[in-house]
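**Q** For reference, this is work.txt, and it has compact mmCIF, C-alpha atoms (C1' of nucleotides).
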```
# COMPACT_ATOMS: atom_id res chain seq x y z
CA MET C 168 3.75 14.79 32.34
CA ASP C 169 3.12 16.17 28.89
CA LYS C 170 0.39 14.41 27.01
CA VAL C 171 0.59 13.12 23.47
CA ILE C 172 -2.51 11.65 21.87
CA ALA C 173 -1.97 9.06 19.17
CA ILE C 174 -4.74 7.99 16.82
CA LEU C 175 -3.84 5.03 14.68
CA GLY C 176 -5.41 2.30 12.62
CA PRO C 177 -5.43 0.81 9.16
CA THR C 178 -5.92 2.81 6.01
CA ALA C 179 -9.51 4.06 5.47
CA SER C 180 -10.44 3.48 9.09
CA GLY C 181 -11.65 7.02 9.61
CA LYS C 182 -8.77 7.91 11.92
CA SER C 183 -7.94 11.13 10.07
CA ASP C 184 -11.46 12.50 10.39
CA ALA C 185 -11.53 11.65 14.05
CA ALA C 186 -8.13 13.27 14.56
CA MET C 187 -9.31 16.44 12.81
CA GLN C 188 -12.40 16.70 14.97
CA LEU C 189 -10.44 16.10 18.12
CA ALA C 190 -7.79 18.64 17.14
CA GLU C 191 -10.47 21.28 16.62
CA TYR C 192 -12.12 20.39 19.89
CA LEU C 193 -8.84 20.59 21.81
CA ASN C 194 -7.55 23.50 19.75
CA THR C 195 -4.30 21.73 19.00
CA GLU C 196 -2.28 20.56 16.00
CA LEU C 197 -1.74 17.27 14.18
CA ILE C 198 1.39 15.30 13.51
CA SER C 199 1.04 12.87 10.62
CA ALA C 200 2.73 9.51 11.14
CA ASP C 201 2.58 8.40 7.55
CA SER C 202 5.59 7.36 5.53
CA ALA C 203 4.06 8.38 2.20
CA GLN C 204 2.47 11.71 3.12
CA VAL C 205 5.88 13.20 3.85
CA TYR C 206 6.50 13.44 0.11
CA ARG C 207 5.55 16.54 -1.82
CA GLY C 208 3.39 15.83 -4.85
CA MET C 209 2.03 12.56 -3.52
CA ASP C 210 -1.41 13.82 -2.58
CA ILE C 211 -4.29 11.88 -4.07
CA GLY C 212 -2.73 8.46 -3.67
CA THR C 213 -1.81 9.04 -0.04
CA ALA C 214 -5.20 10.52 0.85
CA LYS C 215 -3.40 13.58 2.12
CA PRO C 216 -5.60 16.14 3.88
CA SER C 217 -6.81 18.85 1.51
CA ILE C 218 -5.60 22.45 1.61
CA GLU C 219 -8.87 23.43 3.28
CA GLU C 220 -8.43 20.78 5.94
CA GLN C 221 -4.87 21.87 6.51
CA LYS C 222 -6.14 25.42 6.96
CA ARG C 223 -8.63 24.30 9.57
CA VAL C 224 -6.01 22.35 11.53
CA LYS C 225 -2.26 22.66 11.19
CA HIS C 226 -0.67 19.39 10.01
CA HIS C 227 2.98 18.59 10.66
CA MET C 228 5.19 16.01 8.95
CA ILE C 229 3.40 16.43 5.61
CA ASP C 230 5.09 17.67 2.41
CA ILE C 231 8.53 17.82 3.95
CA VAL C 232 10.68 16.12 1.29
CA ASP C 233 10.74 15.61 -2.46
CA VAL C 234 10.07 12.23 -3.97
CA ASP C 235 13.74 11.61 -4.82
CA GLU C 236 15.02 12.56 -1.38
CA SER C 237 15.66 9.96 1.26
CA PHE C 238 13.57 10.00 4.38
CA THR C 239 13.78 7.45 7.17
CA VAL C 240 12.19 6.53 10.46
CA ALA C 241 15.08 8.20 12.24
CA ASP C 242 14.34 11.47 10.44
CA PHE C 243 10.72 11.10 11.36
CA GLN C 244 11.49 10.38 15.00
CA GLN C 245 13.77 13.37 15.35
CA GLN C 246 11.53 15.89 13.62
CA ALA C 247 8.34 14.63 15.20
CA PHE C 248 9.75 14.99 18.71
CA LYS C 249 10.94 18.47 17.91
CA THR C 250 7.39 19.34 16.90
CA ILE C 251 5.90 17.62 19.94
CA ASP C 252 8.19 19.54 22.27
CA SER C 253 7.43 22.87 20.69
CA LEU C 254 3.68 22.25 20.90
CA HIS C 255 4.07 21.33 24.54
CA ASN C 256 5.79 24.67 25.06
CA PHE C 257 2.60 26.28 23.81
CA ASN C 258 0.61 24.13 26.23
CA MET C 259 -0.95 22.07 23.51
CA SER C 260 -1.36 18.31 23.56
CA PRO C 261 -0.30 17.18 20.09
CA ILE C 262 -2.26 14.56 18.23
CA VAL C 263 -0.24 12.02 16.28
CA ALA C 264 -2.33 10.38 13.59
CA GLY C 265 -1.23 7.82 11.09
CA GLY C 266 -0.93 4.27 9.97
CA THR C 267 2.79 3.65 9.66
CA GLY C 268 3.41 1.30 12.57
CA LEU C 269 7.15 1.75 12.65
CA TYR C 270 6.77 5.53 12.79
CA ILE C 271 4.29 5.27 15.65
CA ASN C 272 6.59 2.91 17.51
CA ALA C 273 9.51 5.26 16.98
CA LEU C 274 7.60 7.73 19.17
CA VAL C 275 5.85 5.49 21.60
CA TYR C 276 8.72 3.10 22.36
CA GLN C 277 12.37 3.72 23.08
CA LEU C 278 13.69 2.95 19.65
CA ASP C 279 17.23 4.18 19.31
CA PHE C 280 18.24 4.95 15.77
CA THR C 281 21.25 7.11 16.53
CA GLN C 282 24.06 4.67 15.80
CA THR C 283 24.28 3.56 12.19
CA GLN C 284 22.93 5.64 9.36
CA SER C 285 21.66 4.15 6.15
CA ASP C 286 24.40 3.85 3.57
CA GLN C 287 23.18 3.76 0.00
CA ASP C 288 26.56 2.82 -1.45
CA PHE C 289 26.80 -0.15 0.88
CA ARG C 290 23.29 -1.22 -0.03
CA ASP C 291 24.06 -1.02 -3.72
CA LYS C 292 27.13 -3.15 -3.12
CA MET C 293 25.02 -5.71 -1.27
CA ASP C 294 22.47 -5.79 -4.08
CA GLU C 295 25.31 -6.64 -6.42
CA GLU C 296 26.54 -9.43 -4.18
CA ILE C 297 23.06 -10.89 -4.09
CA ALA C 298 22.98 -10.86 -7.87
CA THR C 299 26.32 -12.62 -8.18
CA LYS C 300 26.59 -14.83 -5.08
CA GLY C 301 23.03 -15.20 -3.96
CA LEU C 302 21.16 -14.09 -0.86
CA LEU C 303 22.16 -17.13 1.15
CA TYR C 304 25.80 -16.11 0.90
CA LEU C 305 24.97 -12.81 2.61
CA TYR C 306 22.88 -14.53 5.23
CA GLU C 307 25.74 -16.88 6.10
CA LYS C 308 28.06 -13.90 6.33
CA LEU C 309 25.66 -12.32 8.79
CA GLN C 310 25.50 -15.54 10.81
CA LYS C 311 29.25 -15.32 11.28
CA LYS C 312 29.42 -11.62 12.05
CA ASP C 313 26.27 -11.15 14.12
CA PRO C 314 24.66 -14.48 15.01
CA LYS C 315 22.10 -12.82 17.26
CA ALA C 316 20.82 -10.63 14.44
CA ALA C 317 20.84 -13.55 12.01
CA ALA C 318 18.74 -15.62 14.37
CA ARG C 319 16.02 -12.96 14.33
CA ILE C 320 15.97 -12.53 10.56
CA HIS C 321 14.55 -14.97 8.03
CA PRO C 322 17.09 -16.09 5.38
CA ASN C 323 14.82 -14.71 2.64
CA ASP C 324 14.38 -11.29 4.20
CA GLU C 325 16.70 -9.38 1.91
CA LYS C 326 16.22 -5.92 3.33
CA ARG C 327 16.76 -6.89 6.94
CA ILE C 328 19.84 -8.94 6.10
CA ILE C 329 21.35 -5.98 4.29
CA ARG C 330 20.54 -3.59 7.11
CA ALA C 331 22.03 -5.93 9.72
CA LEU C 332 25.22 -6.20 7.68
CA GLU C 333 25.25 -2.45 7.31
CA ILE C 334 25.25 -2.12 11.09
CA VAL C 335 28.03 -4.69 11.46
CA GLU C 336 30.03 -2.86 8.80
CA HIS C 337 29.76 0.46 10.60
CA GLU C 338 30.00 -0.69 14.18
CA GLY C 339 32.42 -3.55 13.74
CA GLY C 340 30.11 -6.14 15.19
CA GLY C 341 29.39 -4.31 18.43
CA GLU C 342 26.62 -5.67 20.61
CA ARG C 343 23.24 -4.24 19.85
CA SER C 344 20.44 -4.09 22.31
CA TYR C 345 17.53 -6.36 21.50
CA ASP C 346 15.35 -5.16 24.33
CA PHE C 347 12.62 -4.21 21.96
CA LEU C 348 9.45 -2.38 22.73
CA VAL C 349 10.32 -0.63 25.95
CA PRO C 350 7.62 2.02 26.40
CA ARG C 351 8.84 5.59 26.55
CA ALA C 352 8.43 7.03 30.00
CA ASP C 353 9.18 10.70 29.40
CA TYR C 354 5.88 11.48 27.63
CA ASP C 355 2.33 10.60 28.55
CA PHE C 356 1.10 8.77 25.46
CA ARG C 357 -2.59 8.00 25.06
CA LEU C 358 -3.15 5.49 22.28
CA PHE C 359 -6.40 5.07 20.40
CA GLY C 360 -7.03 2.72 17.52
CA PHE C 361 -9.75 3.05 14.91
CA ASN C 362 -10.99 0.07 12.99
CA TYR C 363 -14.07 -1.20 11.19
CA PRO C 364 -15.25 -4.79 10.87
CA ARG C 365 -13.11 -6.33 8.16
CA ASP C 366 -15.71 -6.54 5.39
CA ILE C 367 -16.77 -2.92 5.88
CA LEU C 368 -13.16 -1.75 5.96
CA TYR C 369 -12.44 -3.55 2.70
CA ASP C 370 -15.50 -2.03 1.11
CA ARG C 371 -14.33 1.42 2.19
CA ILE C 372 -10.87 0.74 0.77
CA ASN C 373 -12.26 -0.38 -2.58
CA ARG C 374 -14.48 2.66 -2.86
CA ARG C 375 -11.71 4.99 -1.84
CA VAL C 376 -9.48 3.69 -4.61
CA ASP C 377 -12.25 4.38 -7.14
CA THR C 378 -12.51 7.89 -5.74
CA MET C 379 -8.76 8.40 -6.09
CA ILE C 380 -8.96 7.45 -9.76
CA GLU C 381 -11.87 9.88 -10.24
CA LYS C 382 -9.87 12.62 -8.54
CA GLY C 383 -7.02 12.19 -11.00
CA LEU C 384 -4.55 9.73 -9.50
CA ILE C 385 -3.32 8.74 -12.94
CA GLY C 386 -2.45 12.34 -13.76
CA GLU C 387 -0.66 12.77 -10.45
CA VAL C 388 1.45 9.66 -10.98
CA THR C 389 2.18 10.62 -14.59
CA THR C 390 3.64 13.94 -13.45
CA LEU C 391 5.83 12.27 -10.83
CA TYR C 392 6.90 9.49 -13.18
CA GLU C 393 7.92 11.95 -15.89
CA LYS C 394 9.90 13.98 -13.39
CA TYR C 395 11.56 11.26 -11.33
CA GLY C 396 11.29 7.99 -13.27
CA ASP C 397 10.33 4.82 -11.47
CA SER C 398 13.31 4.28 -9.19
CA PRO C 399 12.61 6.46 -6.12
CA MET C 400 11.51 4.37 -3.18
CA ALA C 401 8.59 6.71 -2.58
CA LEU C 402 7.08 5.67 -5.91
CA LYS C 403 6.99 2.05 -4.77
CA ALA C 404 4.06 3.06 -2.58
CA ILE C 405 0.67 1.50 -3.20
CA GLY C 406 -1.27 3.42 -5.83
CA TYR C 407 1.93 4.66 -7.42
CA LYS C 408 3.81 1.54 -8.46
CA GLU C 409 0.68 0.04 -10.02
CA ILE C 410 -0.13 3.16 -12.03
CA ILE C 411 3.50 3.33 -13.16
CA ASP C 412 3.18 -0.26 -14.44
CA TYR C 413 0.10 0.87 -16.31
CA LEU C 414 1.91 3.89 -17.77
CA LYS C 415 4.63 1.54 -18.98
CA SER C 416 1.89 -0.59 -20.60
CA ASP C 417 2.86 -3.62 -18.53
CA ILE C 418 -0.73 -3.96 -17.34
CA ASP C 419 -4.02 -2.38 -18.36
CA LYS C 420 -5.93 0.19 -16.38
CA ASP C 421 -8.49 -2.16 -14.85
CA GLU C 422 -5.74 -4.48 -13.71
CA ALA C 423 -3.87 -1.55 -12.14
CA ILE C 424 -6.99 -0.54 -10.23
CA ARG C 425 -7.62 -4.12 -9.14
CA LEU C 426 -4.06 -4.39 -7.85
CA ILE C 427 -4.23 -1.08 -5.98
CA LYS C 428 -7.34 -2.30 -4.21
CA ARG C 429 -5.86 -5.67 -3.39
CA ASN C 430 -2.54 -4.27 -2.21
CA SER C 431 -4.35 -1.72 -0.07
CA ARG C 432 -6.38 -4.51 1.54
CA HIS C 433 -3.24 -6.52 2.22
CA PHE C 434 -1.60 -3.42 3.63
CA ALA C 435 -4.54 -2.79 5.93
CA LYS C 436 -4.25 -6.34 7.21
CA ARG C 437 -0.56 -5.84 7.95
CA GLN C 438 -1.34 -2.60 9.76
CA ILE C 439 -3.94 -4.36 11.89
CA THR C 440 -1.44 -7.10 12.72
CA TRP C 441 1.13 -4.50 13.68
CA PHE C 442 -1.14 -2.58 16.04
CA LYS C 443 -2.76 -5.65 17.55
CA ARG C 444 0.21 -6.44 19.71
CA ASP C 445 0.21 -3.11 21.55
CA ASN C 446 -2.24 -3.74 24.35
CA ARG C 447 -2.18 -0.12 25.47
CA ILE C 448 -4.30 0.85 22.49
CA VAL C 449 -7.93 1.61 23.25
CA TRP C 450 -9.91 0.43 20.23
CA LEU C 451 -12.86 2.43 18.94
CA ASN C 452 -15.41 1.51 16.30
CA PRO C 453 -16.21 4.56 14.13
CA MET C 454 -19.69 3.20 13.48
CA GLU C 455 -20.62 3.69 17.10
CA LYS C 456 -22.11 7.07 17.84
CA ASN C 457 -20.12 7.50 21.02
CA SER C 458 -16.69 6.76 19.65
CA LEU C 459 -15.57 10.39 19.61
CA LYS C 460 -17.00 10.99 23.07
CA ASN C 461 -15.18 7.93 24.33
CA LEU C 462 -12.04 9.26 22.75
CA ILE C 463 -12.42 12.60 24.48
CA SER C 464 -13.17 11.06 27.85
CA GLY C 465 -10.15 8.81 27.42
CA ILE C 466 -7.73 11.73 27.35
CA GLU C 467 -8.86 13.55 30.46
C1' G N 279 -39.74 -33.02 -26.53
C1' C N 280 -34.87 -34.97 -28.03
C1' C N 281 -29.41 -34.51 -28.10
C1' U N 282 -24.72 -32.59 -26.23
C1' C N 283 -21.69 -30.45 -22.56
C1' G N 284 -21.44 -28.62 -17.55
C1' G N 285 -22.64 -28.45 -11.88
C1' U N 286 -15.94 -29.84 -7.26
C1' A N 287 -12.96 -23.98 -2.33
C1' G N 288 -15.47 -17.14 -2.21
C1' C N 289 -14.28 -17.09 -8.07
C1' U N 290 -12.21 -19.66 -12.65
C1' C N 291 -11.19 -24.55 -13.21
C1' A N 292 -8.09 -29.35 -12.79
C1' G N 293 -8.43 -34.32 -10.86
C1' U N 294 -9.37 -39.12 -8.77
C1' U N 295 -8.17 -46.42 -14.16
C1' G N 296 -13.34 -46.44 -7.21
C1' G N 297 -9.61 -45.62 -1.25
C1' U N 298 -13.52 -38.54 0.99
C1' A N 299 -9.48 -33.82 -3.52
C1' G N 300 -5.63 -29.41 -5.71
C1' A N 301 -3.92 -25.17 -8.82
C1' G N 302 -4.33 -19.90 -9.95
C1' C N 303 -6.85 -15.70 -8.19
C1' A N 304 -9.34 -14.01 -3.82
C1' A N 305 -8.87 -14.82 1.57
C1' G N 306 -6.91 -15.79 6.78
C1' G N 307 -2.74 -15.66 10.47
C1' G N 308 2.12 -13.80 11.84
C1' A N 309 7.01 -11.10 11.96
C1' C N 310 8.89 -6.18 11.90
C1' U N 311 14.64 -1.09 15.32
C1' G N 312 17.63 4.27 9.88
C1' A N 313 13.92 1.66 2.46
C1' A N 314 8.30 0.19 6.49
C1' A N 315 2.47 1.89 1.62
C1' A N 316 8.95 -1.50 2.00
C1' U N 317 10.53 -6.56 3.14
C1' C N 318 9.59 -11.50 4.81
C1' C N 319 7.21 -16.21 6.91
C1' C N 320 2.97 -19.65 7.62
C1' U N 321 -2.16 -21.53 6.24
C1' G N 322 -6.61 -24.77 1.80
C1' U N 323 -11.14 -22.59 3.99
C1' G N 324 -14.96 -28.26 0.57
C1' U N 325 -21.69 -32.55 2.99
C1' C N 326 -17.06 -32.91 -5.00
C1' G N 327 -25.75 -30.34 -7.04
C1' G N 328 -29.63 -33.98 -4.64
C1' U N 329 -31.67 -38.99 -3.73
C1' G N 330 -31.12 -44.01 -4.34
C1' G N 331 -28.31 -48.39 -6.40
C1' U N 332 -23.81 -51.52 -7.28
C1' U N 333 -19.43 -52.05 -3.97
C1' C N 334 -15.71 -53.71 1.84
C1' G N 335 -15.61 -48.56 0.18
C1' A N 336 -18.72 -43.77 -4.51
C1' U N 337 -16.89 -37.20 -5.53
C1' U N 338 -15.49 -41.02 -9.37
C1' C N 339 -19.59 -46.33 -12.05
C1' C N 340 -25.29 -46.87 -12.82
C1' A N 341 -30.45 -44.97 -12.38
C1' C N 342 -33.55 -41.16 -11.33
C1' U N 343 -33.86 -36.06 -10.13
C1' C N 344 -32.86 -30.70 -9.72
C1' U N 345 -30.14 -26.90 -12.26
C1' G N 346 -27.11 -23.91 -16.12
C1' A N 347 -25.43 -23.31 -21.27
C1' G N 348 -25.68 -24.70 -26.31
C1' G N 349 -27.76 -27.51 -30.44
C1' C N 350 -31.93 -30.09 -33.09
C1' A N 351 -36.91 -30.02 -33.76
```
Output the file's structure as structure tokens, nothing else.

**A**
Amino acid sequence: MDKVIAILGPTASGKSDAAMQLAEYLNTELISADSAQVYRGMDIGTAKPSIEEQKRVKHHMIDIVDVDESFTVADFQQQAFKTIDSLHNFNMSPIVAGGTGLYINALVYQLDFTQTQSDQDFRDKMDEEIATKGLLYLYEKLQKKDPKAAARIHPNDEKRIIRALEIVEHEGGGERSYDFLVPRADYDFRLFGFNYPRDILYDRINRRVDTMIEKGLIGEVTTLYEKYGDSPMALKAIGYKEIIDYLKSDIDKDEAIRLIKRNSRHFAKRQITWFKRDNRIVWLNPMEKNSLKNLISGIE
RNA sequence: GCCUCGGUAGCUCAGUUGGUAGAGCAAGGGACUGAAAAUCCCUGUGUCGGUGGUUCGAUUCCACUCUGAGGCA
């Protein structure tokens, strides 16, 4: 069966470096599984690989849409598999590397996104209903129309309530499958996780944010903000929304930097939680000398 | 040397007319199926500076002591 190597982990865990080295060793190409790196112009804040790095190893799923375009997991899933299949045709074992848990799961598990597309008009309508009638009203509506979905969603979880209603709206309340997390059997996935001890990871995150500021993050965000305003979802990403608040003079620069660091730490924690539950992942500590060797021996 | 005000959670501090304590920030845990770097849920982590005294009971009152800041000499 065709192999796919996946290297995942929280932000600043060293997974990208490891993936680069492995890709060069195996003479293959990388597929980024990162929901922010898909956007053109979001470079510094997403720690996107440099031009030089991209010359050394070909990266897919980077710079594929503009900031004001919509891009979803389903798009990712479809395009990533297309890339995986074409690399397999060249007898390469692709390396998926990234920290967006949902994107990883969209490859590694049988997640079926083909039924109901996202519907911005419907979502806008729902936002209005929340403003006028309150979120609870929508939740109760969902309880009537799809009790199973409602049972899985917390009454405060606005986005999931809206999405569930969206599905009901388009499929007329048809039964959805809730057999989640069924591993995909048609590819041979090898999963590796990178992580540091928590205090070291946080230290790396803090220092990386300082480096981003030095590299010109504020300039990057200013350009995007002037071009697109503050409404595109992509600009709600960590490192972007905080700088935008600073540009609007809502907070000062030090506060923006503090918040980027804190939000990145919180994000890393969520990523760790996400990956923890997949017991197929082989965890590697980048501080150990043999971690790359262990990685290589794990894919034979 | 004397006087004043402090010492309580990782940090900044509140509080208990005596019944072993709580806010903000920071932090920890969890969920996740077409916005996912999004969205949402749960959790207070503490010899209340130290030692003695009064008391049924002291973080709270008293004494001494250590320590920080300021003031007067």

**Q** Near Ile328 (chain C), within 10 Å and counting all atoms listed in the file, which residues show up once chain neighbours fewer than 2 positions away are dropped, as a PyMOL selection string?

**A** chain C and resi 293+302-303+305-310+316-317+319-326+330-333

**Q** For CA of Ala423 (chain C) and CA of Lys436 (chain C), quote the distance in Å rounded to one decimal.

**A**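 Atom-to-atom, CA of Ala423 (chain C) to CA of Lys436 (chain C), that is 19.9 Å.
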
**Q** Could you check how far CA of His337 (chain C) sits from CA of Asp286 (chain C), in Å to one decimal?

**A**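 So the answer is 9.5 Å.
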
**Q** Using all atoms listed in the file, find the residues of chain N whose closest atom to chain C is at most 12 Å away, then write them as a PyMOL selection string.

**A** chain N and resi 303-319

**Q** Between CA of Leu274 (chain C) and CA of Phe356 (chain C), measure the distance and give it in Å to one decimal.

**A**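 Spanning CA of Leu274 (chain C) to CA of Phe356 (chain C) is a straight-line distance of 9.1 Å.
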
**Q** Could you list, as a ChimeraX atom specification, every residue within 12 Å of Glu381 (chain C), counting only C-alpha atoms (C1' of nucleotides) and ignoring same-chain residues fewer than 6 positions away?

**A** /C:211-212,374-375,387,424

**Q** So which residues touch region 287-297 of chain N within 9 Å, counting only C-alpha atoms (C1' of nucleotides), skipping near sequence neighbours fewer than 4 positions away, as number ranges by chain?

**A** N: 301-305, 322-324, 333, 335-339

**Q** Compile the contact shell of G346 (chain N) as a ChimeraX atom specification: residues with an atom at most 12 Å away, counting all atoms listed in the file, same-chain residues fewer than 5 positions apart removed.

**A** /N:283-285,327

**Q** Between C:Val449, C:Ala190, C:Ile427, C:Ile229, single out the one closest to Asp377 (chain C), counting all atoms listed in the file.

**A**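 Once distances to Asp377 (chain C) are computed over all atoms listed in the file, the minimum belongs to C:Ile427.
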
**Q** Take the point (-2.6, 6.1, 18.2) in the file's coordinates, draw a sphere of radius 8 Å around it, and report as a CSV table (one decimal) with C-alpha atoms, keeping the file's coordinate frame every protein, DNA or RNA residue with an atom inside or on it, counting all atoms listed in the file.

**A**
```
chain,number,residue,atom,x,y,z
C,172,ILE,CA,-2.5,11.6,21.9
C,173,ALA,CA,-2.0,9.1,19.2
C,174,ILE,CA,-4.7,8.0,16.8
C,175,LEU,CA,-3.8,5.0,14.7
C,176,GLY,CA,-5.4,2.3,12.6
C,263,VAL,CA,-0.2,12.0,16.3
C,264,ALA,CA,-2.3,10.4,13.6
C,265,GLY,CA,-1.2,7.8,11.1
C,271,ILE,CA,4.3,5.3,15.6
C,357,ARG,CA,-2.6,8.0,25.1
C,358,LEU,CA,-3.2,5.5,22.3
C,359,PHE,CA,-6.4,5.1,20.4
C,360,GLY,CA,-7.0,2.7,17.5
C,448,ILE,CA,-4.3,0.8,22.5
```

**Q** Got a sec: who's within 12 Å of Leu254 (chain C), counting all atoms listed in the file, leaving out chain neighbours fewer than 3 positions off, as a list in words?

**A**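 So the residues in contact are Asp169, Lys170, Val171, Asn194, Thr195, Glu196, Leu197, Ile198, Lys225, His227, Ala247, Phe248, Lys249, Thr250, Ile251, Phe257, Asn258, Met259, Ser260, Pro261, Ile262 and Val263 of chain C.
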